[in-house]
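A.B. asks: There's a structure below that I have some questions on.
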Amino acid sequence: MKSNPTSGIVTQQSSHSVDLTVRKLEEILKAKGVTLFAVIDHSGEAEKAGMSMPNTKLLIFGHPKAGTPIMIASPSAAIDLPLKILVSEDSAGNVWLSYNSTNYLQARHGFPQELAKNIAVVEGLAEIAGE
């Protein structure tokens, strides 16, 4: 796992393809009752525009009972919520999961530390999906 404290992005390797990692995330979210709002296929859209990029997909997900208290405490948090996980393949064929660190989001928006647990689920989701 690698982290960039300046950007707040945590990145960890997946042992699966992008598509299998996305499917695993979708299944986990469904089982936990978390809404998957969208899957954005960046590489698919690039291809439609006549460009090529490695397989890259962004999942946007959340649950109002978790995110709403954070946005009430700190309205600016709405710019980073719902949560997101980026699943991408690099030029060497390695697959990575990237997401915003919970601590970074808490510091960025200044919501109470006790609300950080509401979004800390992202860390476990990425870990399980990458296994």
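Chain labels run A, B, ... following the order of the structure tokens; each chain numbers its residues from 1, and ligands are numbered from 1 in the order shown.
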Output as a PyMOL selection string all residues of chain A that backbone DSSP marks as strand (DSSP E or B).
C.D. replies: chain A and resi 2-4+9-14+35-41+56-62+83-89+95-100
A.B. asks: Using only C-alpha atoms, find each residue of segment 68-119 of chain A with at least one atom at most 10 Å away from an atom of segment 39-44 of chain A; report its shortest atom-to-atom pair and that distance in Å (one decimal), sort the rows by chain and rising residue number, and return the result as CSV.
C.D. replies:
```
residue,atom,partner,partner_atom,distance
A:Lys84,CA,A:Val39,CA,9.6
A:Ile85,CA,A:Val39,CA,9.7
A:Leu86,CA,A:Ile40,CA,9.4
A:Val87,CA,A:Asp41,CA,9.8
A:Ser88,CA,A:Ser43,CA,9.3
```
A.B. asks: Residues near Ala107 of chain A, anyone? I mean within 10 Å using only C-alpha atoms, not counting same-chain ones fewer than 5 positions away, as a list in words.
C.D. replies: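 Listing them by chain and then by number gives Gly8, Ser101, Thr102, Pro112, Gln113 and Ala116 of chain A.
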A.B. asks: Please provide the set of residues having any atom within 6 Å of Ile60 of chain A, restricted to only C-alpha atoms, with same-chain residues fewer than 4 positions apart removed, written as number ranges by chain.
C.D. replies: A: 37-38, 83-84
A.B. asks: Pick the closest to Ala73 of chain A from A:Ala129, A:Leu115, A:Val121, A:Ile9: which is it, counting only C-alpha atoms?
C.D. replies: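 For Ala73 of chain A, the nearest of the given residues is A:Leu115.
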A.B. asks: If we count only C-alpha atoms and set the cut-off at 12 Å, which residues sit around Pro54 of chain A, ignoring sequence neighbours fewer than 4 positions away in its own chain? Please answer as a list in words.
C.D. replies: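 My list of contacting residues is Ser17, Val18, Asp19, Asp41, His42, Ser43, Gly44, Glu45, Ala46, Glu47, Val87, Ser88, Glu89, Asp90, Ser91, Ala92, Gly93, Asn94, Val95 and Trp96 of chain A.
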A.B. asks: I need the chosen residues saved as an mmCIF file, in the first residue's frame, with N, CA, C and O atoms.
C.D. replies:
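New file result.cif:
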```cif
data_model
loop_
_atom_site.group_PDB
_atom_site.id
_atom_site.type_symbol
_atom_site.label_atom_id
_atom_site.label_comp_id
_atom_site.auth_asym_id
_atom_site.auth_seq_id
_atom_site.Cartn_x
_atom_site.Cartn_y
_atom_site.Cartn_z
ATOM 1 N N SER A 17 -7.952 -8.470 -12.101
ATOM 2 C CA SER A 17 -8.101 -7.524 -13.203
ATOM 3 C C SER A 17 -8.975 -6.359 -12.752
ATOM 4 O O SER A 17 -9.655 -6.441 -11.720
ATOM 5 N N VAL A 18 -8.992 -5.303 -13.532
ATOM 6 C CA VAL A 18 -9.861 -4.166 -13.224
ATOM 7 C C VAL A 18 -11.313 -4.631 -13.169
ATOM 8 O O VAL A 18 -12.039 -4.337 -12.212
ATOM 9 N N ASP A 19 -11.745 -5.371 -14.189
ATOM 10 C CA ASP A 19 -13.151 -5.766 -14.245
ATOM 11 C C ASP A 19 -13.553 -6.675 -13.094
ATOM 12 O O ASP A 19 -14.632 -6.509 -12.515
ATOM 13 N N ASP A 41 -16.688 4.529 -16.620
ATOM 14 C CA ASP A 41 -15.681 3.809 -17.383
ATOM 15 C C ASP A 41 -14.837 4.825 -18.152
ATOM 16 O O ASP A 41 -15.118 5.145 -19.307
ATOM 17 N N HIS A 42 -13.808 5.338 -17.507
ATOM 18 C CA HIS A 42 -12.966 6.360 -18.136
ATOM 19 C C HIS A 42 -12.305 5.837 -19.407
ATOM 20 O O HIS A 42 -12.254 6.538 -20.422
ATOM 21 N N SER A 43 -11.787 4.627 -19.365
ATOM 22 C CA SER A 43 -11.113 4.073 -20.539
ATOM 23 C C SER A 43 -12.102 3.808 -21.670
ATOM 24 O O SER A 43 -11.778 4.019 -22.848
ATOM 25 N N GLY A 44 -13.303 3.381 -21.337
ATOM 26 C CA GLY A 44 -14.335 3.176 -22.356
ATOM 27 C C GLY A 44 -14.731 4.477 -23.027
ATOM 28 O O GLY A 44 -14.925 4.529 -24.248
ATOM 29 N N GLU A 45 -14.837 5.536 -22.242
ATOM 30 C CA GLU A 45 -15.180 6.841 -22.810
ATOM 31 C C GLU A 45 -14.027 7.378 -23.653
ATOM 32 O O GLU A 45 -14.254 8.009 -24.687
ATOM 33 N N ALA A 46 -12.795 7.121 -23.221
ATOM 34 C CA ALA A 46 -11.633 7.543 -24.009
ATOM 35 C C ALA A 46 -11.652 6.851 -25.370
ATOM 36 O O ALA A 46 -11.410 7.487 -26.406
ATOM 37 N N GLU A 47 -11.977 5.560 -25.358
ATOM 38 C CA GLU A 47 -12.032 4.804 -26.611
ATOM 39 C C GLU A 47 -13.089 5.377 -27.557
ATOM 40 O O GLU A 47 -12.849 5.515 -28.761
ATOM 41 N N VAL A 87 -10.372 2.239 -9.783
ATOM 42 C CA VAL A 87 -9.711 0.971 -10.096
ATOM 43 C C VAL A 87 -9.041 1.171 -11.442
ATOM 44 O O VAL A 87 -9.711 1.464 -12.439
ATOM 45 N N SER A 88 -7.718 1.036 -11.463
ATOM 46 C CA SER A 88 -6.996 1.348 -12.703
ATOM 47 C C SER A 88 -5.846 0.377 -12.936
ATOM 48 O O SER A 88 -5.273 -0.165 -11.994
ATOM 49 N N GLU A 89 -5.549 0.212 -14.217
ATOM 50 C CA GLU A 89 -4.441 -0.639 -14.629
ATOM 51 C C GLU A 89 -3.302 0.263 -15.094
ATOM 52 O O GLU A 89 -3.540 1.232 -15.828
ATOM 53 N N ASP A 90 -2.084 -0.050 -14.669
ATOM 54 C CA ASP A 90 -0.944 0.753 -15.125
ATOM 55 C C ASP A 90 -0.351 0.143 -16.400
ATOM 56 O O ASP A 90 -0.806 -0.904 -16.878
ATOM 57 N N SER A 91 0.664 0.767 -16.941
ATOM 58 C CA SER A 91 1.253 0.326 -18.208
ATOM 59 C C SER A 91 1.915 -1.046 -18.110
ATOM 60 O O SER A 91 2.117 -1.720 -19.115
ATOM 61 N N ALA A 92 2.231 -1.485 -16.902
ATOM 62 C CA ALA A 92 2.836 -2.801 -16.701
ATOM 63 C C ALA A 92 1.784 -3.887 -16.474
ATOM 64 O O ALA A 92 2.123 -5.054 -16.287
ATOM 65 N N GLY A 93 0.510 -3.492 -16.460
ATOM 66 C CA GLY A 93 -0.567 -4.457 -16.259
ATOM 67 C C GLY A 93 -0.961 -4.669 -14.809
ATOM 68 O O GLY A 93 -1.821 -5.496 -14.510
ATOM 69 N N ASN A 94 -0.364 -3.925 -13.890
ATOM 70 C CA ASN A 94 -0.752 -4.007 -12.479
ATOM 71 C C ASN A 94 -2.049 -3.239 -12.271
ATOM 72 O O ASN A 94 -2.273 -2.206 -12.898
ATOM 73 N N VAL A 95 -2.874 -3.740 -11.357
ATOM 74 C CA VAL A 95 -4.158 -3.099 -11.073
ATOM 75 C C VAL A 95 -4.095 -2.485 -9.681
ATOM 76 O O VAL A 95 -3.604 -3.097 -8.728
ATOM 77 N N TRP A 96 -4.607 -1.256 -9.583
ATOM 78 C CA TRP A 96 -4.534 -0.476 -8.350
ATOM 79 C C TRP A 96 -5.910 0.024 -7.949
ATOM 80 O O TRP A 96 -6.731 0.368 -8.802
#
```
A.B. asks: What lies within 7 Å of segment 12-14 of chain A using only C-alpha atoms, ignoring chain neighbours under 5 positions off, as a VMD selection string?
C.D. replies: chain A and resid 1 to 2 95 to 98 130 to 131
A.B. asks: For the residues selected in the previous step, produce a file with N, CA, C and O atoms as a PDB file, in the first residue's frame.
C.D. replies:
```
ATOM      1  N   MET A   1       0.851  -1.173   0.000  1.00  0.00           N
ATOM      2  CA  MET A   1       0.000   0.000   0.000  1.00  0.00           C
ATOM      3  C   MET A   1       0.892   1.230   0.000  1.00  0.00           C
ATOM      4  O   MET A   1       1.908   1.274   0.663  1.00  0.00           O
ATOM      5  N   LYS A   2       0.482   2.211  -0.779  1.00  0.00           N
ATOM      6  CA  LYS A   2       1.219   3.466  -0.765  1.00  0.00           C
ATOM      7  C   LYS A   2       0.230   4.603  -0.556  1.00  0.00           C
ATOM      8  O   LYS A   2      -0.925   4.514  -0.931  1.00  0.00           O
ATOM      9  N   VAL A  95      -2.874  -3.740 -11.357  1.00  0.00           N
ATOM     10  CA  VAL A  95      -4.158  -3.099 -11.073  1.00  0.00           C
ATOM     11  C   VAL A  95      -4.095  -2.485  -9.681  1.00  0.00           C
ATOM     12  O   VAL A  95      -3.604  -3.097  -8.728  1.00  0.00           O
ATOM     13  N   TRP A  96      -4.607  -1.256  -9.583  1.00  0.00           N
ATOM     14  CA  TRP A  96      -4.534  -0.476  -8.350  1.00  0.00           C
ATOM     15  C   TRP A  96      -5.910   0.024  -7.949  1.00  0.00           C
ATOM     16  O   TRP A  96      -6.731   0.368  -8.802  1.00  0.00           O
ATOM     17  N   LEU A  97      -6.146   0.088  -6.650  1.00  0.00           N
ATOM     18  CA  LEU A  97      -7.334   0.716  -6.085  1.00  0.00           C
ATOM     19  C   LEU A  97      -6.868   1.975  -5.371  1.00  0.00           C
ATOM     20  O   LEU A  97      -5.936   1.917  -4.560  1.00  0.00           O
ATOM     21  N   SER A  98      -7.503   3.092  -5.657  1.00  0.00           N
ATOM     22  CA  SER A  98      -7.137   4.366  -5.019  1.00  0.00           C
ATOM     23  C   SER A  98      -8.382   5.016  -4.451  1.00  0.00           C
ATOM     24  O   SER A  98      -9.459   4.946  -5.049  1.00  0.00           O
ATOM     25  N   GLY A 130      -9.403  -6.112  -3.295  1.00  0.00           N
ATOM     26  CA  GLY A 130      -8.101  -6.362  -3.883  1.00  0.00           C
ATOM     27  C   GLY A 130      -7.501  -7.708  -3.566  1.00  0.00           C
ATOM     28  O   GLY A 130      -6.530  -8.139  -4.182  1.00  0.00           O
ATOM     29  N   GLU A 131      -8.090  -8.404  -2.576  1.00  0.00           N
ATOM     30  CA  GLU A 131      -7.553  -9.707  -2.152  1.00  0.00           C
ATOM     31  C   GLU A 131      -7.801 -10.779  -3.184  1.00  0.00           C
ATOM     32  O   GLU A 131      -8.793 -10.827  -3.853  1.00  0.00           O
TER      33      GLU A 131
END
```
A.B. asks: Of the candidates A:Leu36, A:Val22, A:Leu29, A:Ala120, which one gets nearest to Ala66 of chain A if we count only C-alpha atoms?
C.D. replies: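 The closest residue to Ala66 of chain A is A:Ala120.
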A.B. asks: Rounded to one decimal, what separation in Å do you get between atom CA of Glu127 of chain A and atom CA of His16 of chain A?
C.D. replies: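 According to the coordinates, atom CA of Glu127 of chain A and atom CA of His16 of chain A are separated by 12.0 Å.
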A.B. asks: Find the distance between atom CA of Met71 of chain A and atom CA of Lys32 of chain A and write it in Å to one decimal.
C.D. replies: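 Those two atoms sit 21.4 Å apart.
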A.B. asks: Quote the spacing between atom CA of Thr56 of chain A and atom CA of Lys24 of chain A in Å to one decimal place.
C.D. replies: 15.2 Å
A.B. asks: Nearest to Leu105 of chain A among A:Asp80, A:Leu20, A:Ala126, A:Asn118, with distances taken over only C-alpha atoms: which residue is it?
C.D. replies: A:Asp80
A.B. asks: If you run DSSP on this backbone, which residues of chain A come out as alpha helix (DSSP H), and could you give them as a ChimeraX atom specification?
C.D. replies: /A:18-32,42-48,64-73,102-109,121-130
A.B. asks: Extract, using only C-alpha atoms, all DNA, RNA and protein residues at most 10 Å from Val34 of chain A, discarding same-chain residues fewer than 5 positions from it, and format them as a list in words.
C.D. replies: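 Once the nearby chain positions are removed, what remains is Glu26, Ile28, Leu29, Phe61, Gly62, His63, Pro64 and Ala66 of chain A.
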